[in-house]
file final_1.pdb (PDB, C-alpha atoms and all ligand atoms)
ATOM      1  CA  TYR A   1     197.991  29.232 207.731
ATOM      2  CA  SER A   2     194.512  29.025 209.058
ATOM      3  CA  LYS A   3     192.012  26.303 208.417
ATOM      4  CA  LYS A   4     188.796  27.555 207.006
ATOM      5  CA  ASN A   5     185.543  25.680 206.725
ATOM      6  CA  GLY A   6     183.579  25.578 203.537
ATOM      7  CA  PRO A   7     184.233  24.537 199.978
ATOM      8  CA  HIS A   8     187.576  26.312 199.685
ATOM      9  CA  GLY A   9     189.265  24.335 202.421
ATOM     10  CA  TYR A  10     192.558  25.905 203.403
ATOM     11  CA  SER A  11     193.369  29.537 202.818
ATOM     12  CA  PHE A  12     196.105  31.894 203.843
ATOM     13  CA  TYR A  13     195.450  33.919 206.939
ATOM     14  CA  PHE A  14     196.920  36.817 205.005
ATOM     15  CA  ASP A  15     194.249  36.435 202.331
ATOM     16  CA  GLU A  16     191.566  36.572 204.944
ATOM     17  CA  LEU A  17     193.040  39.687 206.452
ATOM     18  CA  GLN A  18     193.210  41.302 203.071
ATOM     19  CA  THR A  19     189.638  40.348 202.313
ATOM     20  CA  ASP A  20     188.553  41.858 205.609
ATOM     21  CA  THR A  21     190.403  45.087 204.881
ATOM     22  CA  GLN A  22     188.934  45.249 201.406
ATOM     23  CA  ARG A  23     185.480  44.717 202.777
ATOM     24  CA  VAL A  24     185.890  47.513 205.304
ATOM     25  CA  LEU A  25     187.117  49.861 202.583
ATOM     26  CA  LEU A  26     184.201  48.944 200.387
ATOM     27  CA  LEU A  27     181.792  49.275 203.304
ATOM     28  CA  ASP A  28     183.141  52.729 203.964
ATOM     29  CA  THR A  29     182.797  54.088 200.412
ATOM     30  CA  GLU A  30     179.482  52.375 199.784
ATOM     31  CA  LEU A  31     177.949  53.514 203.084
ATOM     32  CA  ARG A  32     178.980  57.112 202.450
ATOM     33  CA  LYS A  33     177.413  56.932 198.982
ATOM     34  CA  ALA A  34     174.268  55.257 200.285
ATOM     35  CA  ILE A  35     173.697  57.960 202.895
ATOM     36  CA  GLU A  36     174.288  60.701 200.351
ATOM     37  CA  LYS A  37     171.976  59.104 197.780
ATOM     38  CA  ARG A  38     169.457  58.201 200.495
ATOM     39  CA  GLU A  39     169.564  54.519 199.613
ATOM     40  CA  ILE A  40     168.810  53.575 203.191
ATOM     41  CA  GLU A  41     165.347  52.227 203.967
ATOM     42  CA  LEU A  42     163.335  51.520 207.072
ATOM     43  CA  TYR A  43     161.397  48.357 207.806
ATOM     44  CA  PHE A  44     158.777  48.285 210.535
ATOM     45  CA  GLN A  45     158.004  45.579 213.062
ATOM     46  CA  PRO A  46     154.610  45.604 214.790
ATOM     47  CA  LYS A  47     154.365  45.723 218.567
ATOM     48  CA  ILE A  48     151.199  44.104 219.867
ATOM     49  CA  ALA A  49     149.455  45.095 223.104
ATOM     50  CA  LEU A  50     148.480  41.730 224.594
ATOM     51  CA  LYS A  51     145.423  42.587 226.641
ATOM     52  CA  GLU A  52     143.864  44.897 224.072
ATOM     53  CA  GLU A  53     144.883  42.716 221.108
ATOM     54  CA  GLN A  54     145.860  45.917 219.348
ATOM     55  CA  ILE A  55     148.787  47.147 217.358
ATOM     56  CA  GLN A  56     150.484  49.417 219.872
ATOM     57  CA  GLY A  57     153.007  50.755 217.355
ATOM     58  CA  PHE A  58     156.008  49.807 215.253
ATOM     59  CA  GLU A  59     159.748  49.714 215.653
ATOM     60  CA  ALA A  60     161.650  51.232 212.729
ATOM     61  CA  LEU A  61     164.651  49.081 211.756
ATOM     62  CA  VAL A  62     167.160  50.329 209.232
ATOM     63  CA  ARG A  63     167.777  48.272 206.080
ATOM     64  CA  TRP A  64     170.594  48.605 203.585
ATOM     65  CA  GLN A  65     170.786  46.618 200.367
ATOM     66  CA  ASN A  66     173.916  47.362 198.357
ATOM     67  CA  ASP A  67     174.863  46.381 194.780
ATOM     68  CA  LYS A  68     178.368  45.270 195.696
ATOM     69  CA  LEU A  69     177.970  44.079 199.282
ATOM     70  CA  GLY A  70     174.485  42.624 199.100
ATOM     71  CA  TYR A  71     172.360  42.910 202.246
ATOM     72  CA  VAL A  72     174.375  44.391 205.075
ATOM     73  CA  SER A  73     173.010  43.877 208.595
ATOM     74  CA  PRO A  74     172.627  46.914 210.856
ATOM     75  CA  ASN A  75     174.619  44.860 213.380
ATOM     76  CA  GLU A  76     177.552  45.370 211.000
ATOM     77  CA  PHE A  77     177.149  48.857 209.591
ATOM     78  CA  ILE A  78     175.716  50.690 212.628
ATOM     79  CA  PRO A  79     178.809  50.003 214.788
ATOM     80  CA  TYR A  80     180.982  50.937 211.812
ATOM     81  CA  ALA A  81     179.048  54.168 211.315
ATOM     82  CA  GLU A  82     179.442  54.879 215.038
ATOM     83  CA  ASP A  83     183.216  54.451 214.831
ATOM     84  CA  THR A  84     183.561  56.750 211.835
ATOM     85  CA  GLY A  85     181.063  59.503 212.651
ATOM     86  CA  LEU A  86     178.860  58.484 209.723
ATOM     87  CA  ILE A  87     176.207  57.701 212.314
ATOM     88  CA  ILE A  88     175.214  61.364 212.542
ATOM     89  CA  PRO A  89     174.052  61.847 208.918
ATOM     90  CA  LEU A  90     172.755  58.249 208.928
ATOM     91  CA  SER A  91     170.728  58.792 212.088
ATOM     92  CA  GLU A  92     169.297  62.026 210.697
ATOM     93  CA  LEU A  93     168.304  60.211 207.513
ATOM     94  CA  ILE A  94     166.620  57.510 209.628
ATOM     95  CA  ILE A  95     164.602  60.142 211.525
ATOM     96  CA  GLU A  96     163.576  61.717 208.215
ATOM     97  CA  ARG A  97     162.496  58.337 206.870
ATOM     98  CA  ALA A  98     160.461  57.763 210.030
ATOM     99  CA  CYS A  99     158.670  61.079 209.449
ATOM    100  CA  GLU A 100     157.939  60.048 205.863
ATOM    101  CA  ALA A 101     156.527  56.768 207.135
ATOM    102  CA  VAL A 102     154.171  58.527 209.565
ATOM    103  CA  ILE A 103     152.910  60.719 206.719
ATOM    104  CA  GLU A 104     152.314  57.660 204.513
ATOM    105  CA  MET A 105     150.528  55.740 207.292
ATOM    106  CA  LYS A 106     148.308  58.754 208.016
ATOM    107  CA  LYS A 107     147.292  58.848 204.351
ATOM    108  CA  HIS A 108     145.882  55.358 204.902
ATOM    109  CA  GLY A 109     144.169  56.424 208.115
ATOM    110  CA  TYR A 110     146.632  54.904 210.561
ATOM    111  CA  GLY A 111     148.285  56.791 213.388
ATOM    112  CA  SER A 112     150.331  54.231 215.290
ATOM    113  CA  PRO A 113     153.477  55.556 216.975
ATOM    114  CA  ILE A 114     156.862  54.627 215.571
ATOM    115  CA  ALA A 115     159.856  53.737 217.723
ATOM    116  CA  ILE A 116     163.221  54.966 216.443
ATOM    117  CA  ASN A 117     166.550  53.538 217.610
ATOM    118  CA  ILE A 118     168.912  56.344 218.529
ATOM    119  CA  SER A 119     172.625  55.607 218.758
ATOM    120  CA  SER A 120     174.338  56.787 221.919
ATOM    121  CA  ILE A 121     176.839  58.604 219.697
ATOM    122  CA  HIS A 122     174.076  60.710 218.158
ATOM    123  CA  PHE A 123     172.371  61.200 221.523
ATOM    124  CA  GLN A 124     175.597  62.466 223.083
ATOM    125  CA  GLN A 125     176.207  65.010 220.337
ATOM    126  CA  GLN A 126     175.997  68.464 221.777
ATOM    127  CA  ASN A 127     173.380  69.537 219.221
ATOM    128  CA  PHE A 128     171.321  66.314 219.287
ATOM    129  CA  LEU A 129     168.126  68.020 220.457
ATOM    130  CA  GLU A 130     168.410  70.744 217.837
ATOM    131  CA  SER A 131     169.113  68.213 215.089
ATOM    132  CA  ILE A 132     166.011  66.173 215.888
ATOM    133  CA  GLN A 133     163.845  69.258 216.361
ATOM    134  CA  THR A 134     164.927  70.710 213.020
ATOM    135  CA  ILE A 135     163.870  67.535 211.210
ATOM    136  CA  LEU A 136     160.472  67.394 212.942
ATOM    137  CA  GLU A 137     159.809  71.008 212.069
ATOM    138  CA  ARG A 138     160.763  70.434 208.451
ATOM    139  CA  TYR A 139     158.173  67.643 208.262
ATOM    140  CA  ASN A 140     155.716  69.518 210.458
ATOM    141  CA  MET A 141     155.605  66.423 212.635
ATOM    142  CA  PRO A 142     154.703  66.359 216.344
ATOM    143  CA  ALA A 143     157.108  64.381 218.524
ATOM    144  CA  SER A 144     154.143  62.493 219.996
ATOM    145  CA  HIS A 145     154.201  60.198 216.941
ATOM    146  CA  PHE A 146     157.502  58.773 218.116
ATOM    147  CA  GLU A 147     159.143  56.756 220.789
ATOM    148  CA  ILE A 148     162.913  56.949 221.166
ATOM    149  CA  GLU A 149     164.769  53.725 221.914
ATOM    150  CA  VAL A 150     168.084  54.156 223.669
ATOM    151  CA  THR A 151     170.267  51.407 225.067
ATOM    152  CA  GLU A 152     171.621  51.169 228.578
ATOM    153  CA  ARG A 153     174.905  52.425 227.141
ATOM    154  CA  THR A 154     173.249  55.803 226.547
ATOM    155  CA  VAL A 155     171.801  56.175 230.036
ATOM    156  CA  MET A 156     174.706  54.650 231.966
ATOM    157  CA  ASN A 157     176.280  58.076 231.718
ATOM    158  CA  SER A 158     174.037  59.447 234.408
ATOM    159  CA  SER A 159     175.256  63.018 233.952
ATOM    160  CA  ASN A 160     173.142  66.138 234.279
ATOM    161  CA  GLU A 161     173.474  66.534 230.521
ATOM    162  CA  THR A 162     171.814  63.146 229.928
ATOM    163  CA  VAL A 163     169.015  64.029 232.357
ATOM    164  CA  ARG A 164     168.545  67.386 230.660
ATOM    165  CA  LYS A 165     168.251  65.815 227.215
ATOM    166  CA  LEU A 166     165.807  63.109 228.315
ATOM    167  CA  VAL A 167     163.629  65.612 230.185
ATOM    168  CA  LYS A 168     163.620  67.877 227.115
ATOM    169  CA  LEU A 169     162.711  64.988 224.820
ATOM    170  CA  LYS A 170     159.778  64.184 227.132
ATOM    171  CA  GLN A 171     158.689  67.825 227.127
ATOM    172  CA  MET A 172     158.816  67.817 223.335
ATOM    173  CA  GLY A 173     156.391  64.860 223.416
ATOM    174  CA  PHE A 174     158.608  61.844 222.748
ATOM    175  CA  LYS A 175     158.202  58.615 224.682
ATOM    176  CA  ILE A 176     161.436  57.039 225.878
ATOM    177  CA  ALA A 177     162.221  53.320 225.916
ATOM    178  CA  ILE A 178     165.259  51.413 227.161
ATOM    179  CA  ASP A 179     166.261  48.874 224.504
ATOM    180  CA  ASP A 180     167.919  45.492 225.154
ATOM    181  CA  PHE A 181     167.140  45.911 228.842
ATOM    182  CA  GLY A 182     169.255  43.691 231.076
ATOM    183  CA  THR A 183     172.226  43.234 228.757
ATOM    184  CA  GLY A 184     174.206  46.377 229.419
ATOM    185  CA  TYR A 185     175.101  48.401 232.438
ATOM    186  CA  SER A 186     174.182  46.627 235.644
ATOM    187  CA  SER A 187     173.178  49.647 237.733
ATOM    188  CA  LEU A 188     169.474  50.295 238.031
ATOM    189  CA  SER A 189     169.846  53.796 239.429
ATOM    190  CA  TYR A 190     169.072  55.354 236.050
ATOM    191  CA  LEU A 191     165.556  53.880 236.227
ATOM    192  CA  ILE A 192     164.861  56.279 239.087
ATOM    193  CA  ARG A 193     166.802  59.235 237.787
ATOM    194  CA  PHE A 194     165.394  59.393 234.245
ATOM    195  CA  PRO A 195     161.867  59.941 232.910
ATOM    196  CA  LEU A 196     161.363  56.599 231.129
ATOM    197  CA  ASP A 197     158.164  55.147 229.666
ATOM    198  CA  CYS A 198     159.109  51.667 228.597
ATOM    199  CA  LEU A 199     161.524  48.777 229.143
ATOM    200  CA  LYS A 200     162.228  46.420 226.274
ATOM    201  CA  ILE A 201     163.334  43.067 227.669
ATOM    202  CA  ASP A 202     166.140  41.709 225.536
ATOM    203  CA  ARG A 203     165.523  38.698 223.351
ATOM    204  CA  SER A 204     168.165  36.691 225.229
ATOM    205  CA  PHE A 205     165.872  36.596 228.286
ATOM    206  CA  VAL A 206     162.769  35.751 226.283
ATOM    207  CA  GLN A 207     164.429  33.027 224.212
ATOM    208  CA  HIS A 208     164.260  30.023 226.542
ATOM    209  CA  ILE A 209     161.613  31.396 228.841
ATOM    210  CA  CYS A 210     159.538  28.229 228.544
ATOM    211  CA  LEU A 211     162.435  25.891 229.347
ATOM    212  CA  LEU A 212     164.447  27.713 231.950
ATOM    213  CA  ASP A 213     163.066  28.698 235.336
ATOM    214  CA  GLU A 214     165.883  31.218 235.750
ATOM    215  CA  LYS A 215     164.834  33.171 232.667
ATOM    216  CA  GLN A 216     161.222  33.053 233.801
ATOM    217  CA  ALA A 217     162.229  34.478 237.167
ATOM    218  CA  VAL A 218     164.191  37.332 235.612
ATOM    219  CA  VAL A 219     161.475  38.271 233.122
ATOM    220  CA  ASP A 220     158.805  38.081 235.816
ATOM    221  CA  ALA A 221     160.868  40.305 238.107
ATOM    222  CA  ILE A 222     161.475  42.880 235.357
ATOM    223  CA  ILE A 223     157.738  43.015 234.622
ATOM    224  CA  GLN A 224     156.859  43.483 238.317
ATOM    225  CA  MET A 225     159.490  46.158 238.741
ATOM    226  CA  ALA A 226     158.390  48.031 235.618
ATOM    227  CA  ARG A 227     154.783  47.953 236.820
ATOM    228  CA  ARG A 228     155.757  49.498 240.178
ATOM    229  CA  LEU A 229     157.751  52.138 238.296
ATOM    230  CA  LYS A 230     154.708  52.805 236.076
ATOM    231  CA  MET A 231     156.594  51.772 232.979
ATOM    232  CA  LYS A 232     155.365  49.596 230.133
ATOM    233  CA  VAL A 233     157.184  46.386 229.248
ATOM    234  CA  VAL A 234     157.877  45.096 225.760
ATOM    235  CA  ALA A 235     159.169  41.545 225.310
ATOM    236  CA  GLU A 236     161.519  41.393 222.317
ATOM    237  CA  GLY A 237     162.166  38.442 220.039
ATOM    238  CA  VAL A 238     158.994  36.480 220.749
ATOM    239  CA  GLU A 239     158.757  33.627 218.265
ATOM    240  CA  GLN A 240     156.489  30.938 219.735
ATOM    241  CA  VAL A 241     152.921  30.754 220.945
ATOM    242  CA  GLN A 242     154.146  29.212 224.233
ATOM    243  CA  GLN A 243     156.207  32.316 224.885
ATOM    244  CA  VAL A 244     153.170  34.523 224.190
ATOM    245  CA  GLU A 245     151.063  32.523 226.625
ATOM    246  CA  MET A 246     153.691  32.632 229.349
ATOM    247  CA  LEU A 247     154.221  36.382 228.892
ATOM    248  CA  ARG A 248     150.466  36.900 229.000
ATOM    249  CA  GLU A 249     150.315  35.089 232.347
ATOM    250  CA  MET A 250     153.073  37.353 233.601
ATOM    251  CA  ASN A 251     151.036  40.384 232.524
ATOM    252  CA  CYS A 252     153.575  41.589 230.000
ATOM    253  CA  ASP A 253     152.095  44.627 228.218
ATOM    254  CA  ILE A 254     153.496  44.392 224.716
ATOM    255  CA  ILE A 255     154.963  41.699 222.477
ATOM    256  CA  GLN A 256     157.317  42.150 219.564
ATOM    257  CA  GLY A 257     158.749  39.340 217.501
ATOM    258  CA  PHE A 258     158.526  37.009 214.544
ATOM    259  CA  TYR A 259     155.499  35.324 216.162
ATOM    260  CA  TYR A 260     153.357  38.276 215.059
ATOM    261  CA  SER A 261     155.495  39.591 212.240
ATOM    262  CA  LYS A 262     158.981  40.138 210.941
ATOM    263  CA  PRO A 263     160.010  43.709 210.186
ATOM    264  CA  LEU A 264     158.146  44.720 207.012
ATOM    265  CA  PRO A 265     158.564  47.362 204.318
ATOM    266  CA  LEU A 266     156.124  50.258 204.621
ATOM    267  CA  GLN A 267     153.633  49.016 202.031
ATOM    268  CA  GLU A 268     153.388  45.621 203.737
ATOM    269  CA  VAL A 269     153.003  47.274 207.139
ATOM    270  CA  ILE A 270     149.931  49.048 205.859
ATOM    271  CA  GLU A 271     148.585  45.702 204.602
ATOM    272  CA  PHE A 272     149.358  44.194 208.015
ATOM    273  CA  MET A 273     147.290  46.913 209.707
ATOM    274  CA  GLU A 274     144.390  46.324 207.343
ATOM    275  CA  TYR A 275     144.602  42.584 207.948
ATOM    276  CA  TRP A 276     144.778  43.072 211.709
ATOM    277  CA  GLU A 277     141.745  45.318 211.695
ATOM    278  CA  MET A 278     139.744  42.776 209.708
ATOM    279  CA  GLU A 279     140.764  39.864 211.930
ATOM    280  CA  HIS A 280     139.923  41.697 215.129
ATOM    281  CA  GLN A 281     136.796  43.663 214.235
ATOM    282  CA  GLY A 282     133.783  42.808 216.280
ATOM    283  CA  ARG A 283     135.915  41.066 218.875
ATOM    284  CA  LYS A 284     136.264  44.158 221.056
TER     285      LYS A 284
HETATM  286  P1  LIG B   1     167.165  46.120 218.320
HETATM  287  O1  LIG B   1     166.847  47.574 218.311
HETATM  288  O2  LIG B   1     167.141  45.436 219.634
HETATM  289  O3  LIG B   1     166.150  45.469 217.288
HETATM  290  C1  LIG B   1     165.623  44.197 217.404
HETATM  291  C2  LIG B   1     166.296  43.208 216.447
HETATM  292  O4  LIG B   1     165.742  41.914 216.661
HETATM  293  C3  LIG B   1     166.061  43.523 214.974
HETATM  294  O5  LIG B   1     167.215  43.095 214.260
HETATM  295  C4  LIG B   1     164.877  42.624 214.641
HETATM  296  O6  LIG B   1     164.761  42.320 213.255
HETATM  297  C5  LIG B   1     165.223  41.409 215.457
HETATM  298  N1  LIG B   1     164.043  40.596 215.809
HETATM  299  C6  LIG B   1     162.781  41.023 216.015
HETATM  300  N2  LIG B   1     161.962  40.002 216.364
HETATM  301  C7  LIG B   1     162.755  38.896 216.377
HETATM  302  C8  LIG B   1     162.482  37.498 216.662
HETATM  303  O7  LIG B   1     161.369  37.084 216.977
HETATM  304  N3  LIG B   1     163.546  36.648 216.583
HETATM  305  C9  LIG B   1     164.802  37.071 216.232
HETATM  306  N4  LIG B   1     165.773  36.162 216.159
HETATM  307  N5  LIG B   1     165.074  38.390 215.972
HETATM  308  C10 LIG B   1     164.065  39.280 216.038
HETATM  309  P2  LIG B   1     167.896  44.024 213.155
HETATM  310  O8  LIG B   1     166.849  44.751 212.382
HETATM  311  O9  LIG B   1     168.883  43.194 212.420
HETATM  312  O10 LIG B   1     168.653  45.116 214.017
HETATM  313  C11 LIG B   1     169.694  44.764 214.874
HETATM  314  C12 LIG B   1     170.109  45.919 215.741
HETATM  315  O11 LIG B   1     170.669  46.968 214.939
HETATM  316  C13 LIG B   1     168.963  46.578 216.501
HETATM  317  O12 LIG B   1     168.640  45.876 217.675
HETATM  318  C14 LIG B   1     169.561  47.939 216.797
HETATM  319  O13 LIG B   1     170.449  47.865 217.873
HETATM  320  C15 LIG B   1     170.353  48.199 215.536
HETATM  321  N6  LIG B   1     169.511  49.013 214.627
HETATM  322  C16 LIG B   1     168.570  48.621 213.745
HETATM  323  N7  LIG B   1     168.001  49.681 213.145
HETATM  324  C17 LIG B   1     168.580  50.781 213.672
HETATM  325  C18 LIG B   1     168.419  52.202 213.471
HETATM  326  O14 LIG B   1     167.579  52.670 212.685
HETATM  327  N8  LIG B   1     169.232  53.038 214.195
HETATM  328  C19 LIG B   1     170.155  52.551 215.097
HETATM  329  N9  LIG B   1     170.906  53.454 215.774
HETATM  330  N10 LIG B   1     170.312  51.240 215.316
HETATM  331  C20 LIG B   1     169.536  50.361 214.623
HETATM  332 MG    MG B   2     165.399  48.679 219.201
HETATM  333 MG    MG B   3     166.379  45.404 221.342
HETATM  334 MG    MG B   4     169.328  44.335 219.942
END

call {"tool": "encode", "arguments": {"input": "final_1.pdb", "output": "structure tokens", "more": "lines below"}}
Ligand code: C2E
Ligand code: MG
Ligand code: MG
Ligand code: MG
result
Amino acid sequence: YSKKNGPHGYSFYFDELQTDTQRVLLLDTELRKAIEKREIELYFQPKIALKEEQIQGFEALVRWQNDKLGYVSPNEFIPYAEDTGLIIPLSELIIERACEAVIEMKKHGYGSPIAINISSIHFQQQNFLESIQTILERYNMPASHFEIEVTERTVMNSSNETVRKLVKLKQMGFKIAIDDFGTGYSSLSYLIRFPLDCLKIDRSFVQHICLLDEKQAVVDAIIQMARRLKMKVVAEGVEQVQQVEMLREMNCDIIQGFYYSKPLPLQEVIEFMEYWEMEHQGRK
């Protein structure tokens, strides 16, 4: 037996196991269907350049609402898709959706770059570069509209193949950012070896930055180091004005977090840009 919290009190461990298995099966069939029927959406979270008080761009975050499963977090279905190979068609769909978003934003007169999260599984595919290039060509979309976010897991494999792909992506016009910086591989050698534009400091460092001297020290050091390496720094997960003020003092370039906005559907992103423009006109 296992004790379970909540209104149902006790339940059999076996039941729980079965429920888990059923959920995974359902997740599998539903995710396959969703990719095929293109029922996967992107939301966009603004990134704000502190000094300029400008929208520097947006991060595209995948969203999946399913009839049977309800809202499924990318923290659940992305790892599952990575384990099953579904990540490849999913990732391609995400890149296509990002192209569609750029086209829609342009229609409204906005040209902010969009950051796309790329799974290390997709990145490591032999034909990754071709797959991304094919999509851009189909949409007639220059790579310069995009930034690619990879995690430390992707670059910890410091092979010639990884270097080759990153250099090629740069040549194509993509910017490259390291996501969740500080939480993965502990070697910093890849910062020197690879052509990187941006470090995104993980939310776990930003979270108690106002309370804990240790976190302050780490964030400050990352910002200094990035500056010397001529890289931009984004602080992730910024929720409070005190955090903004502290990061401003530390000369952090860009802020992303609920303080400015949650991730928004495309139509609301366009409204956010209009609102931002109105609020900030005449102040520059
Ligand atoms: P990530 O790339 O580090 O994205 C940042 C996550 O932090 C997002 O969660 C975002 O909604 C959340 N966030 C942003 N600001 C705040 C804040 O102020 N406070 C808090 N508590 N959270 C904040 P989300 O959208 O649930 O995505 C989770 C992770 O799933 C992402 O982490 C990324 O690793 C993965 N993911 C999301 N979309 C994609 C995608 O299109 N492709 C791939 N390969 N992975 C994705
Ligand atoms: Mg990201
Ligand atoms: Mg992150
Ligand atoms: Mg994350």

call {"tool": "residues_near_point", "arguments": {"input": "final_1.pdb", "point": "(152.9, 42.1, 211.2)", "cutoff": "8 Å", "atoms": "all atoms listed in the file", "output": "list in words"}}
result
Gln45, Pro46, Tyr260, Ser261, Lys262, Pro263, Leu264, Val269, Phe272 and Met273 of chain A

call {"tool": "closest_residue", "arguments": {"input": "final_1.pdb", "among": "A:Ser159, A:Gln240, A:Asn75, A:Gln267", "to": "ligand MG 3 (chain B)", "atoms": "all atoms listed in the file"}}
result
A:Asn75

call {"tool": "closest_atom_pairs", "arguments": {"input": "final_1.pdb", "of": "chain A", "to": "ligand MG 3 (chain B)", "cutoff": "10 Å", "atoms": "only C-alpha atoms and all ligand atoms", "output": "CSV"}}
result
residue,atom,partner,partner_atom,distance
A:Glu59,CA,B:MG3,MG,9.7
A:Asn117,CA,B:MG3,MG,9.0
A:Glu149,CA,B:MG3,MG,8.5
A:Val150,CA,B:MG3,MG,9.2
A:Thr151,CA,B:MG3,MG,8.1
A:Ile178,CA,B:MG3,MG,8.4
A:Asp179,CA,B:MG3,MG,4.7
A:Asp180,CA,B:MG3,MG,4.1
A:Phe181,CA,B:MG3,MG,7.6
A:Thr183,CA,B:MG3,MG,9.7
A:Leu199,CA,B:MG3,MG,9.8
A:Lys200,CA,B:MG3,MG,6.5
A:Ile201,CA,B:MG3,MG,7.4
A:Asp202,CA,B:MG3,MG,5.6
A:Arg203,CA,B:MG3,MG,7.1
A:Ser204,CA,B:MG3,MG,9.7
A:Val234,CA,B:MG3,MG,9.6
A:Ala235,CA,B:MG3,MG,9.1
A:Glu236,CA,B:MG3,MG,6.4
A:Gly237,CA,B:MG3,MG,8.2
A:Gln256,CA,B:MG3,MG,9.8

call {"tool": "atom_distance", "arguments": {"input": "final_1.pdb", "atom1": "atom CA of A:Phe58", "atom2": "atom CA of A:Phe44"}}
result
5.7 Å

call {"tool": "atom_distance", "arguments": {"input": "final_1.pdb", "atom1": "atom CA of A:Asp220", "atom2": "atom CA of A:Glu249"}}
result
9.6 Å

call {"tool": "residues_around", "arguments": {"input": "final_1.pdb", "residues": "A:Ile78", "least_positions_apart": "3", "cutoff": "12 Å", "atoms": "only C-alpha atoms", "output": "VMD selection string"}}
result
chain A and resid 27 to 28 31 61 to 64 72 to 75 81 to 91 94 117 to 122

call {"tool": "closest_residue", "arguments": {"input": "final_1.pdb", "among": "A:Glu41, A:Glu104, A:Glu30, A:Glu161", "to": "ligand LIG 1 (chain B)", "atoms": "only C-alpha atoms and all ligand atoms"}}
result
A:Glu41

call {"tool": "closest_residue", "arguments": {"input": "final_1.pdb", "among": "A:Tyr110, A:Met231, A:Phe194, A:Leu211", "to": "A:Asn160", "atoms": "only C-alpha atoms"}}
result
A:Phe194

call {"tool": "resolve_selection", "arguments": {"input": "final_1.pdb", "expression": "the PyMOL selection byres (((chain A and resi 187) around 12) and not hetatm)", "output": "PyMOL selection string"}}
result
chain A and resi 152-153+155-158+181-186+188-193

call {"tool": "closest_residue", "arguments": {"input": "final_1.pdb", "among": "A:Asp67, A:Ala217, A:Lys106, A:Phe205", "to": "ligand MG 4 (chain B)", "atoms": "all atoms listed in the file"}}
result
A:Phe205

call {"tool": "residues_near_point", "arguments": {"input": "final_1.pdb", "point": "(154.1, 65.7, 213.8)", "cutoff": "12 Å", "atoms": "all atoms listed in the file", "output": "compact mmCIF listing (two decimals) with C-alpha atoms, keeping the file's coordinate frame"}}
result
# COMPACT_ATOMS: atom_id res chain seq x y z
CA GLU A 96 163.58 61.72 208.22
CA ALA A 98 160.46 57.76 210.03
CA CYS A 99 158.67 61.08 209.45
CA GLU A 100 157.94 60.05 205.86
CA ALA A 101 156.53 56.77 207.14
CA VAL A 102 154.17 58.53 209.56
CA ILE A 103 152.91 60.72 206.72
CA LYS A 106 148.31 58.75 208.02
CA GLY A 111 148.28 56.79 213.39
CA PRO A 113 153.48 55.56 216.98
CA ILE A 114 156.86 54.63 215.57
CA GLN A 133 163.84 69.26 216.36
CA THR A 134 164.93 70.71 213.02
CA ILE A 135 163.87 67.54 211.21
CA LEU A 136 160.47 67.39 212.94
CA GLU A 137 159.81 71.01 212.07
CA ARG A 138 160.76 70.43 208.45
CA TYR A 139 158.17 67.64 208.26
CA ASN A 140 155.72 69.52 210.46
CA MET A 141 155.60 66.42 212.64
CA PRO A 142 154.70 66.36 216.34
CA ALA A 143 157.11 64.38 218.52
CA SER A 144 154.14 62.49 220.00
CA HIS A 145 154.20 60.20 216.94
CA PHE A 146 157.50 58.77 218.12
CA MET A 172 158.82 67.82 223.34
CA GLY A 173 156.39 64.86 223.42
CA PHE A 174 158.61 61.84 222.75

call {"tool": "build_atoms", "arguments": {"input": "final_1.pdb", "residues": "stretch 154-160 of chain A", "atoms": "N, CA, C and O atoms", "output": "tab-separated table (two decimals), in the frame of the given file"}}
result
chain	number	residue	atom	x	y	z
A	154	THR	N	173.54	54.37	226.61
A	154	THR	CA	173.25	55.80	226.55
A	154	THR	C	172.96	56.37	227.93
A	154	THR	O	173.42	57.47	228.25
A	155	VAL	N	172.22	55.62	228.74
A	155	VAL	CA	171.80	56.18	230.04
A	155	VAL	C	172.76	55.83	231.17
A	155	VAL	O	172.61	56.31	232.29
A	156	MET	N	173.78	54.99	230.89
A	156	MET	CA	174.71	54.65	231.97
A	156	MET	C	175.55	55.87	232.35
A	156	MET	O	176.04	55.98	233.45
A	157	ASN	N	175.67	56.79	231.40
A	157	ASN	CA	176.28	58.08	231.72
A	157	ASN	C	175.20	58.95	232.37
A	157	ASN	O	174.46	59.64	231.71
A	158	SER	N	175.15	58.85	233.68
A	158	SER	CA	174.04	59.45	234.41
A	158	SER	C	174.28	60.93	234.70
A	158	SER	O	173.93	61.44	235.75
A	159	SER	N	174.88	61.61	233.75
A	159	SER	CA	175.26	63.02	233.95
A	159	SER	C	174.04	63.93	233.87
A	159	SER	O	172.98	63.55	233.38
A	160	ASN	N	174.21	65.15	234.36
A	160	ASN	CA	173.14	66.14	234.28
A	160	ASN	C	172.74	66.40	232.83
A	160	ASN	O	171.59	66.68	232.54
